[in-house]
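**Q** Pasting structure_36.cif below, which is mmCIF, C-alpha atoms and all ligand atoms.
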```cif
data_start
loop_
_atom_site.group_PDB
_atom_site.id
_atom_site.type_symbol
_atom_site.label_atom_id
_atom_site.label_comp_id
_atom_site.auth_asym_id
_atom_site.auth_seq_id
_atom_site.Cartn_x
_atom_site.Cartn_y
_atom_site.Cartn_z
ATOM 1 C CA MET A 262 13.453 152.647 86.481
ATOM 2 C CA HIS A 263 14.033 150.948 89.783
ATOM 3 C CA ASP A 264 13.140 152.956 92.872
ATOM 4 C CA PRO A 265 15.718 152.365 95.627
ATOM 5 C CA SER A 266 13.334 153.588 98.316
ATOM 6 C CA SER A 267 11.248 150.457 97.780
ATOM 7 C CA TYR A 268 13.952 148.552 99.638
ATOM 8 C CA THR A 269 14.268 150.971 102.503
ATOM 9 C CA ILE A 270 13.331 149.559 105.876
ATOM 10 C CA ALA A 271 10.989 152.097 107.457
ATOM 11 C CA ALA A 272 10.235 150.602 110.871
ATOM 12 C CA GLN A 273 12.967 149.578 113.302
ATOM 13 C CA PRO A 274 13.414 145.804 113.063
ATOM 14 C CA TYR A 275 13.561 144.006 116.396
ATOM 15 C CA TYR A 276 17.167 142.985 116.871
ATOM 16 C CA LEU A 277 18.867 142.171 120.145
ATOM 17 C CA PRO A 278 22.649 142.610 119.887
ATOM 18 C CA VAL A 279 24.562 139.533 121.005
ATOM 19 C CA GLY A 280 28.044 141.063 121.189
ATOM 20 C CA ASN A 281 29.841 143.946 119.521
ATOM 21 C CA GLU A 282 28.441 143.177 116.050
ATOM 22 C CA VAL A 283 26.626 146.512 115.669
ATOM 23 C CA THR A 284 29.657 148.714 116.365
ATOM 24 C CA LEU A 285 31.900 146.408 114.329
ATOM 25 C CA PHE A 286 29.587 146.592 111.335
ATOM 26 C CA GLU A 287 29.285 150.370 111.618
ATOM 27 C CA ALA A 288 33.070 150.737 111.727
ATOM 28 C CA ALA A 289 33.465 148.469 108.679
ATOM 29 C CA TYR A 290 30.727 150.375 106.860
ATOM 30 C CA THR A 291 32.253 153.797 107.455
ATOM 31 C CA SER A 292 35.660 152.393 106.423
ATOM 32 C CA HIS A 293 34.083 151.095 103.172
ATOM 33 C CA LEU A 294 35.016 147.527 104.011
ATOM 34 C CA PRO A 295 32.809 144.599 102.980
ATOM 35 C CA VAL A 296 31.464 142.333 105.700
ATOM 36 C CA LEU A 297 31.201 138.565 106.005
ATOM 37 C CA LEU A 298 28.648 137.224 108.486
ATOM 38 C CA LYS A 299 29.632 133.744 109.624
ATOM 39 C CA GLY A 300 27.343 131.444 111.508
ATOM 40 C CA PRO A 301 24.735 128.706 111.435
ATOM 41 C CA THR A 302 21.363 129.159 109.801
ATOM 42 C CA GLY A 303 18.633 130.801 111.874
ATOM 43 C CA CYS A 304 20.866 132.636 114.345
ATOM 44 C CA GLY A 305 19.883 136.190 113.403
ATOM 45 C CA LYS A 306 22.128 137.185 110.476
ATOM 46 C CA THR A 307 19.319 138.369 108.212
ATOM 47 C CA ARG A 308 17.547 140.162 111.043
ATOM 48 C CA PHE A 309 20.850 141.851 111.916
ATOM 49 C CA MET A 310 21.261 143.057 108.322
ATOM 50 C CA GLU A 311 17.736 144.450 108.306
ATOM 51 C CA TYR A 312 18.487 146.241 111.544
ATOM 52 C CA MET A 313 21.757 147.685 110.195
ATOM 53 C CA ALA A 314 20.087 148.827 106.963
ATOM 54 C CA TRP A 315 17.477 150.605 109.061
ATOM 55 C CA LYS A 316 20.080 152.094 111.412
ATOM 56 C CA LEU A 317 22.305 153.297 108.576
ATOM 57 C CA GLN A 318 19.263 154.451 106.611
ATOM 58 C CA ARG A 319 20.339 152.627 103.468
ATOM 59 C CA PRO A 320 18.203 150.647 101.064
ATOM 60 C CA MET A 321 18.986 146.925 101.224
ATOM 61 C CA ILE A 322 18.776 144.325 98.497
ATOM 62 C CA THR A 323 19.014 140.693 99.589
ATOM 63 C CA VAL A 324 19.886 137.860 97.235
ATOM 64 C CA SER A 325 19.469 134.264 98.404
ATOM 65 C CA CYS A 326 22.240 132.472 96.565
ATOM 66 C CA HIS A 327 21.653 129.068 94.974
ATOM 67 C CA ASP A 328 23.704 126.764 92.795
ATOM 68 C CA ASP A 329 22.260 128.139 89.562
ATOM 69 C CA LEU A 330 22.993 131.753 90.421
ATOM 70 C CA THR A 331 25.054 133.233 87.599
ATOM 71 C CA THR A 332 26.956 136.466 87.214
ATOM 72 C CA SER A 333 24.167 137.780 84.969
ATOM 73 C CA ASP A 334 21.624 137.118 87.714
ATOM 74 C CA LEU A 335 23.569 139.553 89.884
ATOM 75 C CA VAL A 336 24.779 142.063 87.310
ATOM 76 C CA GLY A 337 21.913 142.185 84.844
ATOM 77 C CA ARG A 338 21.035 141.124 81.331
ATOM 78 C CA TYR A 339 19.415 142.169 78.099
ATOM 79 C CA LEU A 340 15.786 141.165 77.896
ATOM 80 C CA VAL A 341 13.356 141.387 75.004
ATOM 81 C CA LYS A 342 10.384 143.522 76.007
ATOM 82 C CA GLY A 343 7.665 144.415 73.493
ATOM 83 C CA GLY A 344 9.954 143.633 70.553
ATOM 84 C CA GLU A 345 12.761 145.756 71.936
ATOM 85 C CA THR A 346 15.930 144.660 73.619
ATOM 86 C CA VAL A 347 16.381 146.424 76.924
ATOM 87 C CA TRP A 348 19.032 146.164 79.592
ATOM 88 C CA VAL A 349 17.759 145.261 83.050
ATOM 89 C CA ASP A 350 20.054 145.794 86.044
ATOM 90 C CA GLY A 351 20.505 142.841 88.371
ATOM 91 C CA PRO A 352 20.236 143.247 92.153
ATOM 92 C CA LEU A 353 23.953 143.861 92.720
ATOM 93 C CA THR A 354 24.043 146.591 90.075
ATOM 94 C CA ARG A 355 20.919 148.184 91.551
ATOM 95 C CA ALA A 356 22.516 148.213 94.991
ATOM 96 C CA VAL A 357 25.726 149.770 93.639
ATOM 97 C CA ARG A 358 23.856 152.417 91.646
ATOM 98 C CA SER A 359 21.614 153.347 94.555
ATOM 99 C CA GLY A 360 24.455 153.345 97.088
ATOM 100 C CA GLY A 361 22.680 150.755 99.170
ATOM 101 C CA ILE A 362 23.534 147.527 100.933
ATOM 102 C CA CYS A 363 23.723 144.298 98.946
ATOM 103 C CA TYR A 364 23.377 141.207 101.128
ATOM 104 C CA LEU A 365 24.316 137.948 99.426
ATOM 105 C CA ASP A 366 22.906 135.242 101.659
ATOM 106 C CA GLU A 367 24.658 131.831 101.670
ATOM 107 C CA ILE A 368 27.267 132.954 99.182
ATOM 108 C CA VAL A 369 28.967 129.548 98.866
ATOM 109 C CA GLU A 370 25.847 128.180 97.218
ATOM 110 C CA ALA A 371 26.407 130.411 94.186
ATOM 111 C CA ARG A 372 28.326 129.220 91.137
ATOM 112 C CA LYS A 373 32.082 129.681 91.400
ATOM 113 C CA ASP A 374 32.265 132.177 88.530
ATOM 114 C CA THR A 375 29.889 134.467 90.430
ATOM 115 C CA MET A 376 32.708 135.285 92.845
ATOM 116 C CA VAL A 377 34.661 136.958 90.069
ATOM 117 C CA VAL A 378 32.151 139.777 89.912
ATOM 118 C CA ILE A 379 32.208 140.521 93.623
ATOM 119 C CA HIS A 380 35.993 140.572 93.963
ATOM 120 C CA PRO A 381 36.657 144.040 92.485
ATOM 121 C CA LEU A 382 33.761 145.380 94.549
ATOM 122 C CA ALA A 383 35.101 143.790 97.706
ATOM 123 C CA ASP A 384 38.573 145.280 97.696
ATOM 124 C CA ASP A 385 39.697 148.877 97.738
ATOM 125 C CA ARG A 386 38.960 149.356 94.042
ATOM 126 C CA ARG A 387 35.214 149.173 94.818
ATOM 127 C CA ILE A 388 34.346 148.913 91.157
ATOM 128 C CA MET A 389 31.958 146.774 89.208
ATOM 129 C CA PRO A 390 32.620 146.034 85.573
ATOM 130 C CA ILE A 391 29.477 145.505 83.501
ATOM 131 C CA GLU A 392 30.994 143.823 80.503
ATOM 132 C CA LYS A 393 27.863 143.681 78.412
ATOM 133 C CA LEU A 394 27.364 147.442 78.723
ATOM 134 C CA GLY A 395 31.063 148.254 78.494
ATOM 135 C CA GLN A 396 30.650 150.158 81.771
ATOM 136 C CA LEU A 397 32.714 150.349 84.896
ATOM 137 C CA LEU A 398 30.598 151.378 87.864
ATOM 138 C CA GLU A 399 32.322 152.963 90.818
ATOM 139 C CA ALA A 400 30.591 152.146 94.069
ATOM 140 C CA PRO A 401 29.611 155.258 96.012
ATOM 141 C CA ASP A 402 30.835 155.540 99.608
ATOM 142 C CA SER A 403 27.427 154.562 100.925
ATOM 143 C CA PHE A 404 27.466 151.199 99.098
ATOM 144 C CA CYS A 405 28.127 148.151 101.245
ATOM 145 C CA LEU A 406 28.613 144.536 100.281
ATOM 146 C CA ALA A 407 27.742 141.938 102.904
ATOM 147 C CA ILE A 408 27.755 138.187 102.491
ATOM 148 C CA SER A 409 26.797 135.334 104.776
ATOM 149 C CA TYR A 410 28.337 131.939 105.098
ATOM 150 C CA ASN A 411 27.717 128.915 107.269
ATOM 151 C CA PRO A 412 31.054 127.256 108.016
ATOM 152 C CA GLY A 413 29.203 124.376 109.674
ATOM 153 C CA TYR A 414 28.516 122.481 106.467
ATOM 154 C CA GLN A 415 31.910 120.900 106.369
ATOM 155 C CA SER A 416 32.272 120.173 102.720
ATOM 156 C CA VAL A 417 35.260 121.128 100.612
ATOM 157 C CA LEU A 418 32.868 122.090 97.841
ATOM 158 C CA LYS A 419 31.120 124.563 100.097
ATOM 159 C CA GLU A 420 34.164 126.342 101.425
ATOM 160 C CA LEU A 421 34.786 129.981 100.826
ATOM 161 C CA LYS A 422 38.040 130.480 98.934
ATOM 162 C CA GLN A 423 40.835 132.423 100.636
ATOM 163 C CA SER A 424 40.882 134.926 97.784
ATOM 164 C CA THR A 425 37.268 135.731 98.591
ATOM 165 C CA ARG A 426 37.209 135.522 102.377
ATOM 166 C CA GLN A 427 40.352 137.598 102.829
ATOM 167 C CA ARG A 428 38.606 140.598 101.303
ATOM 168 C CA PHE A 429 36.011 140.796 104.083
ATOM 169 C CA VAL A 430 35.784 141.817 107.702
ATOM 170 C CA ALA A 431 34.269 138.744 109.351
ATOM 171 C CA ILE A 432 31.690 138.929 112.116
ATOM 172 C CA GLU A 433 30.890 135.695 113.876
ATOM 173 C CA PHE A 434 27.308 134.855 114.782
ATOM 174 C CA THR A 435 26.209 132.126 117.071
ATOM 175 C CA TYR A 436 23.056 131.319 118.989
ATOM 176 C CA PRO A 437 22.368 134.035 121.565
ATOM 177 C CA ASN A 438 22.982 133.091 125.221
ATOM 178 C CA HIS A 439 19.968 131.848 127.203
ATOM 179 C CA GLU A 440 19.048 135.215 128.630
ATOM 180 C CA LEU A 441 18.944 136.854 125.201
ATOM 181 C CA GLU A 442 17.392 133.899 123.412
ATOM 182 C CA ARG A 443 14.622 133.793 126.037
ATOM 183 C CA GLN A 444 13.909 137.488 125.441
ATOM 184 C CA ILE A 445 13.857 136.941 121.664
ATOM 185 C CA ILE A 446 11.420 134.011 121.899
ATOM 186 C CA ILE A 447 9.135 135.935 124.239
ATOM 187 C CA HIS A 448 9.236 139.033 122.050
ATOM 188 C CA GLU A 449 8.624 137.153 118.793
ATOM 189 C CA THR A 450 5.943 134.782 120.038
ATOM 190 C CA GLY A 451 4.360 136.202 123.186
ATOM 191 C CA LEU A 452 5.010 132.950 125.107
ATOM 192 C CA ASP A 453 5.499 133.039 128.875
ATOM 193 C CA THR A 454 8.945 132.642 130.426
ATOM 194 C CA ALA A 455 8.394 129.065 131.664
ATOM 195 C CA THR A 456 7.418 127.813 128.198
ATOM 196 C CA ALA A 457 10.238 129.770 126.548
ATOM 197 C CA ASP A 458 12.657 128.096 128.962
ATOM 198 C CA LYS A 459 11.403 124.655 127.951
ATOM 199 C CA LEU A 460 12.104 125.534 124.328
ATOM 200 C CA LEU A 461 15.606 126.588 125.346
ATOM 201 C CA LYS A 462 16.148 123.210 127.022
ATOM 202 C CA LEU A 463 14.989 121.461 123.864
ATOM 203 C CA ALA A 464 17.369 123.652 121.851
ATOM 204 C CA ASP A 465 20.313 122.746 124.102
ATOM 205 C CA MET A 466 19.589 119.048 123.768
ATOM 206 C CA THR A 467 19.452 119.185 119.977
ATOM 207 C CA ARG A 468 22.541 121.421 119.811
ATOM 208 C CA ASN A 469 24.434 118.793 121.776
ATOM 209 C CA LEU A 470 23.496 116.285 119.093
ATOM 210 C CA LYS A 471 25.263 118.281 116.407
ATOM 211 C CA GLY A 472 27.804 115.977 114.811
ATOM 212 C CA ASN A 473 26.185 113.011 116.580
ATOM 213 C CA GLY A 474 23.387 112.352 114.146
ATOM 214 C CA LEU A 475 22.258 115.913 113.530
ATOM 215 C CA GLU A 476 23.866 118.249 111.025
ATOM 216 C CA GLU A 477 22.703 121.268 113.045
ATOM 217 C CA GLY A 478 20.917 121.811 116.333
ATOM 218 C CA ALA A 479 17.622 123.719 116.573
ATOM 219 C CA SER A 480 18.234 127.341 115.651
ATOM 220 C CA THR A 481 16.627 130.384 117.248
ATOM 221 C CA ARG A 482 14.395 130.484 114.159
ATOM 222 C CA LEU A 483 13.013 126.995 114.865
ATOM 223 C CA LEU A 484 12.304 127.901 118.489
ATOM 224 C CA VAL A 485 10.449 130.986 117.310
ATOM 225 C CA HIS A 486 8.459 128.830 114.864
ATOM 226 C CA ALA A 487 7.511 126.373 117.596
ATOM 227 C CA GLY A 488 6.554 129.270 119.857
ATOM 228 C CA LYS A 489 4.396 130.856 117.176
ATOM 229 C CA LEU A 490 2.493 127.598 116.655
ATOM 230 C CA MET A 491 1.908 127.307 120.405
ATOM 231 C CA ALA A 492 0.750 130.916 120.563
ATOM 232 C CA LYS A 493 -1.858 129.965 117.957
ATOM 233 C CA GLY A 494 -3.158 127.242 120.243
ATOM 234 C CA ILE A 495 -1.307 124.189 118.895
ATOM 235 C CA ASP A 496 -0.344 121.832 121.730
ATOM 236 C CA PRO A 497 3.367 122.039 122.611
ATOM 237 C CA ARG A 498 4.170 118.486 121.522
ATOM 238 C CA PRO A 499 2.863 118.657 117.929
ATOM 239 C CA ALA A 500 4.162 122.231 117.691
ATOM 240 C CA CYS A 501 7.701 121.138 118.601
ATOM 241 C CA GLN A 502 7.499 117.988 116.544
ATOM 242 C CA GLY A 503 6.573 119.965 113.441
ATOM 243 C CA ALA A 504 8.698 123.029 113.972
ATOM 244 C CA VAL A 505 11.753 121.339 115.480
ATOM 245 C CA ALA A 506 12.030 117.538 115.117
ATOM 246 C CA LEU A 507 10.778 117.128 111.552
ATOM 247 C CA ALA A 508 12.390 120.370 110.431
ATOM 248 C CA LEU A 509 15.806 119.215 111.652
ATOM 249 C CA THR A 510 16.074 115.746 110.167
ATOM 250 C CA ASP A 511 14.536 112.961 108.073
ATOM 251 C CA ASP A 512 16.198 110.208 110.091
ATOM 252 C CA SER A 513 13.401 108.301 111.787
ATOM 253 C CA ASP A 514 15.498 107.172 114.776
ATOM 254 C CA MET A 515 16.656 110.738 115.364
ATOM 255 C CA ILE A 516 13.117 112.079 115.028
ATOM 256 C CA ALA A 517 11.975 109.508 117.607
ATOM 257 C CA ALA A 518 14.793 110.570 119.947
ATOM 258 C CA ILE A 519 13.905 114.274 119.643
ATOM 259 C CA ASN A 520 10.211 113.489 120.103
ATOM 260 C CA GLU A 521 11.128 111.702 123.308
ATOM 261 C CA LEU A 522 12.923 114.825 124.545
ATOM 262 C CA ILE A 523 9.880 116.869 123.617
ATOM 263 C CA GLY A 524 7.641 114.440 125.505
ATOM 264 C CA ALA A 525 9.844 114.715 128.586
ATOM 265 C CA LEU A 526 9.737 118.520 128.520
ATOM 266 C CA PHE A 527 6.107 119.212 127.680
HETATM 267 P P1 LIG B 1 19.789 133.691 109.616
HETATM 268 O O1 LIG B 1 19.755 134.827 108.629
HETATM 269 O O2 LIG B 1 21.033 133.661 110.450
HETATM 270 O O3 LIG B 1 19.488 132.364 108.991
HETATM 271 P P2 LIG B 1 17.479 135.011 110.787
HETATM 272 O O4 LIG B 1 18.013 136.389 110.880
HETATM 273 O O5 LIG B 1 16.465 134.742 109.728
HETATM 274 O O6 LIG B 1 18.637 133.930 110.688
HETATM 275 O O7 LIG B 1 16.892 134.645 112.239
HETATM 276 C C1 LIG B 1 15.816 133.796 112.420
HETATM 277 C C2 LIG B 1 14.864 134.357 113.445
HETATM 278 O O8 LIG B 1 15.462 134.298 114.728
HETATM 279 C C3 LIG B 1 14.524 135.825 113.227
HETATM 280 O O9 LIG B 1 13.412 135.950 112.382
HETATM 281 C C4 LIG B 1 14.236 136.297 114.629
HETATM 282 O O10 LIG B 1 12.904 135.968 114.979
HETATM 283 C C5 LIG B 1 15.122 135.445 115.490
HETATM 284 N N1 LIG B 1 16.398 136.046 115.942
HETATM 285 C C6 LIG B 1 17.585 135.413 115.959
HETATM 286 N N2 LIG B 1 18.539 136.180 116.518
HETATM 287 C C7 LIG B 1 17.927 137.339 116.879
HETATM 288 C C8 LIG B 1 18.391 138.541 117.541
HETATM 289 N N3 LIG B 1 19.661 138.673 117.939
HETATM 290 N N4 LIG B 1 17.480 139.511 117.770
HETATM 291 C C9 LIG B 1 16.202 139.360 117.376
HETATM 292 N N5 LIG B 1 15.711 138.257 116.763
HETATM 293 C C10 LIG B 1 16.556 137.255 116.519
#
```
Now, as a test, write the supplied structure out as structure tokens.
**A**
Amino acid sequence: MHDPSSYTIAAQPYYLPVGNEVTLFEAAYTSHLPVLLKGPTGCGKTRFMEYMAWKLQRPMITVSCHDDLTTSDLVGRYLVKGGETVWVDGPLTRAVRSGGICYLDEIVEARKDTMVVIHPLADDRRIMPIEKLGQLLEAPDSFCLAISYNPGYQSVLKELKQSTRQRFVAIEFTYPNHELERQIIIHETGLDTATADKLLKLADMTRNLKGNGLEEGASTRLLVHAGKLMAKGIDPRPACQGAVALALTDDSDMIAAINELIGALF
């Protein structure tokens, strides 16, 4: 039997609020409303969820969605174990049963039919039909469904349908302002302020290239990666080239342009 406490976050995760997202999430949670976190990759959505799970003292189950993710992957399936057929709950079912938080990361990546299973959980019915067991689970009040979505990938195929998005309270995430992002980099990497500020300049430059050769600018995550490499003694240039330039793109002209920016800064 699955032990929900194994997903409980014991120590307070480091999370710096960027706006009113903490109070908004708490209000949605106590109103039993599901939450949609919108924003680019690497801007703190997962860290925020970990922080909220800790703050609300709920176990959290995270599922990274991918294009092969089926309803059974979320709900559960019969498996043959030692000659016997046994039912094994999927992560969504486990979260519902344990009254925890289920965080479906990058929901649009999942197969379209997967949405069908979250719909009755994401409106005021708050139920989950498990067809194969002939069961209808009612989500306890403490259950919370949260999903994340990056509207930046402008592809019709990757858009969240109205019937799905209009069930959720949306919270927008973006890169923290300089003051906060500086604090985050320093906290996560131990770099000094002057070096953190250079990383912020590099971030700004790449973020301005979004839509002009880059699909996304450097996220807070990439700056933290670069900072961690530097803290381990890697020179700033190769650290930024590996953690930022090559991580952002495969386009050799663009990589050369970013490397030039890195060379000018460090
Ligand atoms: P996402 O889920 O949006 O892709 P993450 O939550 O994984 O992004 O964030 C990437 C990293 O950026 C985190 O591991 C953390 O180091 C840092 N980070 C971003 N935003 C914050 C924040 N507001 N407070 C603390 N750390 C943050």
**Q** Taking into account only C-alpha atoms and all ligand atoms, which residue in the set A:Gln427, A:Thr435, A:Thr331, A:Gln318 is nearest to ligand LIG 1 (chain B)?
**A**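 Checking each candidate against ligand LIG 1 (chain B), we get A:Thr435 as the closest.
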**Q** Could you produce a table of the residues of chain A lying within 8 Å of ligand LIG 1 (chain B), with the nearest pair of atoms per residue and their separation in Å rounded to one decimal, using all atoms listed in the file, ordered by chain and increasing residue number, as a Markdown table?
**A**
```
| residue | atom | partner | partner_atom | distance |
| --- | --- | --- | --- | --- |
| A:Tyr275 | CA | B:LIG1 | C9 | 5.4 |
| A:Tyr276 | CA | B:LIG1 | N4 | 3.6 |
| A:Leu277 | CA | B:LIG1 | N4 | 3.8 |
| A:Pro278 | CA | B:LIG1 | N3 | 5.3 |
| A:Val279 | CA | B:LIG1 | N3 | 5.8 |
| A:Gly300 | CA | B:LIG1 | O2 | 6.8 |
| A:Pro301 | CA | B:LIG1 | O2 | 6.3 |
| A:Thr302 | CA | B:LIG1 | O3 | 3.8 |
| A:Gly303 | CA | B:LIG1 | O6 | 3.3 |
| A:Cys304 | CA | B:LIG1 | O2 | 4.0 |
| A:Gly305 | CA | B:LIG1 | O4 | 3.1 |
| A:Lys306 | CA | B:LIG1 | O2 | 3.7 |
| A:Thr307 | CA | B:LIG1 | O4 | 3.6 |
| A:Arg308 | CA | B:LIG1 | O4 | 3.8 |
| A:Phe309 | CA | B:LIG1 | O4 | 6.2 |
| A:Met310 | CA | B:LIG1 | O4 | 7.8 |
| A:Asp366 | CA | B:LIG1 | O1 | 7.7 |
| A:Phe434 | CA | B:LIG1 | O2 | 7.7 |
| A:Tyr436 | CA | B:LIG1 | N2 | 7.1 |
| A:Pro437 | CA | B:LIG1 | N3 | 6.5 |
| A:Leu441 | CA | B:LIG1 | N3 | 7.5 |
| A:Glu442 | CA | B:LIG1 | N2 | 7.4 |
| A:Ile445 | CA | B:LIG1 | N5 | 5.4 |
| A:Ile446 | CA | B:LIG1 | O10 | 7.3 |
| A:Glu449 | CA | B:LIG1 | O10 | 5.9 |
| A:Ser480 | CA | B:LIG1 | O8 | 7.5 |
| A:Thr481 | CA | B:LIG1 | O8 | 4.8 |
| A:Arg482 | CA | B:LIG1 | C2 | 4.0 |
| A:Leu483 | CA | B:LIG1 | O8 | 7.7 |
| A:Val485 | CA | B:LIG1 | O10 | 6.0 |
```
**Q** So that I have them on file, write out the residues from the current selection with C-alpha atoms, as a short mmCIF file (atom, residue, chain, number, x, y, z; two decimals), in the coordinates of the input.
**A**
```
data_model
loop_
_atom_site.label_atom_id
_atom_site.label_comp_id
_atom_site.auth_asym_id
_atom_site.auth_seq_id
_atom_site.Cartn_x
_atom_site.Cartn_y
_atom_site.Cartn_z
CA TYR A 275 13.56 144.01 116.40
CA TYR A 276 17.17 142.99 116.87
CA LEU A 277 18.87 142.17 120.14
CA PRO A 278 22.65 142.61 119.89
CA VAL A 279 24.56 139.53 121.00
CA GLY A 300 27.34 131.44 111.51
CA PRO A 301 24.74 128.71 111.44
CA THR A 302 21.36 129.16 109.80
CA GLY A 303 18.63 130.80 111.87
CA CYS A 304 20.87 132.64 114.34
CA GLY A 305 19.88 136.19 113.40
CA LYS A 306 22.13 137.18 110.48
CA THR A 307 19.32 138.37 108.21
CA ARG A 308 17.55 140.16 111.04
CA PHE A 309 20.85 141.85 111.92
CA MET A 310 21.26 143.06 108.32
CA ASP A 366 22.91 135.24 101.66
CA PHE A 434 27.31 134.85 114.78
CA TYR A 436 23.06 131.32 118.99
CA PRO A 437 22.37 134.04 121.56
CA LEU A 441 18.94 136.85 125.20
CA GLU A 442 17.39 133.90 123.41
CA ILE A 445 13.86 136.94 121.66
CA ILE A 446 11.42 134.01 121.90
CA GLU A 449 8.62 137.15 118.79
CA SER A 480 18.23 127.34 115.65
CA THR A 481 16.63 130.38 117.25
CA ARG A 482 14.40 130.48 114.16
CA LEU A 483 13.01 127.00 114.86
CA VAL A 485 10.45 130.99 117.31
#
```
**Q** With the file shown as input, list the residues that the PyMOL selection byres (((chain A and resi 370-375) around 12) and not hetatm) selects, as JSON, numbers by chain.
**A** {"A": [324, 325, 326, 327, 328, 329, 330, 331, 332, 333, 334, 335, 336, 353, 365, 366, 367, 368, 369, 376, 377, 378, 379, 380, 381, 408, 409, 410, 411, 414, 416, 418, 419, 420, 421, 422, 425]}
**Q** Could you state the separation of atom CA of A:Glu287 and atom CA of A:Cys363 in Å, given to one decimal place?
**A**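 For atom CA of A:Glu287 relative to atom CA of A:Cys363, the distance reads 15.1 Å.
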**Q** Could you list as a list in words every residue that has an atom within 12 Å of (9.9, 151.4, 111.5), using the file's coordinates and counting only C-alpha atoms?
**A** Thr269, Ile270, Ala271, Ala272, Gln273, Pro274, Tyr275, Glu311, Tyr312, Ala314, Trp315, Lys316 and Gln318 of chain A
**Q** What gap, in Å, lies between atom CA of A:His293 and atom CA of A:Trp348?
**A**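 Those two atoms sit 28.4 Å apart.
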**Q** Record the distance separating atom CA of A:Ser513 and atom CA of A:Gly494, expressed in Å with one decimal.
**A** 26.5 Å
**Q** For A:Cys405, which residue among A:Leu522, A:Ala479, A:Leu461, A:Leu317 is the nearest when counting all atoms listed in the file?
**A**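 For A:Cys405, the nearest of the given residues is A:Leu317.
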**Q** Would you please work out which residue, of A:Leu463, A:Ala487, A:Ala289, A:Ala492, is nearest to A:Glu521 when using only C-alpha atoms?
**A** A:Leu463
**Q** Tell me which of A:Ile519, A:Leu285, A:Ile391, A:Ile432 sits closest to A:Gly351, counting only C-alpha atoms.
**A**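 That would be A:Ile391, the residue with the smallest distance to A:Gly351.
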**Q** Under the rule that all atoms listed in the file are counted, which of A:Ile495, A:Val283, A:Leu297, A:Ala288 is the nearest residue to A:Ala431?
**A**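 Closest candidate: A:Leu297.
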**Q** Might you pull out every residue within 6 Å of A:Ala407, with all atoms listed in the file counted and same-chain residues fewer than 3 positions away left off, and present them as a list in words?
**A**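 Those residues are Pro295, Val296, Leu297 and Tyr364 of chain A.
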**Q** Could you give me the axis-aligned bounding box of stretch 428-438 of chain A, with 6 Å of padding per side, as centre plus edge lengths in Å to one decimal, as JSON?
**A**
```
{"center_x": 30.5, "center_y": 136.6, "center_z": 113.3, "size_x": 28.2, "size_y": 22.5, "size_z": 35.9}
```
**Q** Using all atoms listed in the file, can you tell me which of A:Tyr268, A:Phe286, A:Leu394, A:Thr454 comes closest to A:Glu433?
**A**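 Ranking A:Tyr268, A:Phe286, A:Leu394, A:Thr454 by distance to A:Glu433, first place goes to A:Phe286.
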**Q** What residues come out when you apply the PyMOL selection byres (((chain A and resi 362) around 7) and not hetatm) to this file, written as a list in words?
**A**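 After applying the PyMOL selection byres (((chain A and resi 362) around 7) and not hetatm), what remains is Arg319, Pro320, Met321, Ile322, Ala356, Gly361, Cys363, Tyr364, Phe404, Cys405 and Leu406 of chain A.
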**Q** Could you rebuild stretch 307-317 of chain A with N, CA and C atoms and give it back as a JSON list (two decimals), keeping the file's coordinate frame?
**A**
```json
[["chain", "number", "residue", "atom", "x", "y", "z"],
["A", 307, "THR", "N", 20.18, 137.56, 109.09],
["A", 307, "THR", "CA", 19.32, 138.37, 108.21],
["A", 307, "THR", "C", 18.65, 139.49, 109.00],
["A", 308, "ARG", "N", 18.20, 139.14, 110.21],
["A", 308, "ARG", "CA", 17.55, 140.16, 111.04],
["A", 308, "ARG", "C", 18.55, 141.27, 111.37],
["A", 309, "PHE", "N", 19.79, 140.88, 111.63],
["A", 309, "PHE", "CA", 20.85, 141.85, 111.92],
["A", 309, "PHE", "C", 21.05, 142.79, 110.72],
["A", 310, "MET", "N", 21.07, 142.23, 109.52],
["A", 310, "MET", "CA", 21.26, 143.06, 108.32],
["A", 310, "MET", "C", 20.10, 144.02, 108.15],
["A", 311, "GLU", "N", 18.90, 143.56, 108.42],
["A", 311, "GLU", "CA", 17.74, 144.45, 108.31],
["A", 311, "GLU", "C", 17.86, 145.60, 109.31],
["A", 312, "TYR", "N", 18.32, 145.24, 110.50],
["A", 312, "TYR", "CA", 18.49, 146.24, 111.54],
["A", 312, "TYR", "C", 19.56, 147.27, 111.13],
["A", 313, "MET", "N", 20.68, 146.77, 110.58],
["A", 313, "MET", "CA", 21.76, 147.68, 110.20],
["A", 313, "MET", "C", 21.32, 148.58, 109.04],
["A", 314, "ALA", "N", 20.57, 148.01, 108.10],
["A", 314, "ALA", "CA", 20.09, 148.83, 106.96],
["A", 314, "ALA", "C", 19.18, 149.94, 107.49],
["A", 315, "TRP", "N", 18.36, 149.59, 108.46],
["A", 315, "TRP", "CA", 17.48, 150.60, 109.06],
["A", 315, "TRP", "C", 18.31, 151.66, 109.80],
["A", 316, "LYS", "N", 19.28, 151.19, 110.59],
["A", 316, "LYS", "CA", 20.08, 152.09, 111.41],
["A", 316, "LYS", "C", 20.91, 153.04, 110.54],
["A", 317, "LEU", "N", 21.46, 152.48, 109.46],
["A", 317, "LEU", "CA", 22.30, 153.30, 108.58],
["A", 317, "LEU", "C", 21.47, 154.04, 107.54]]
```
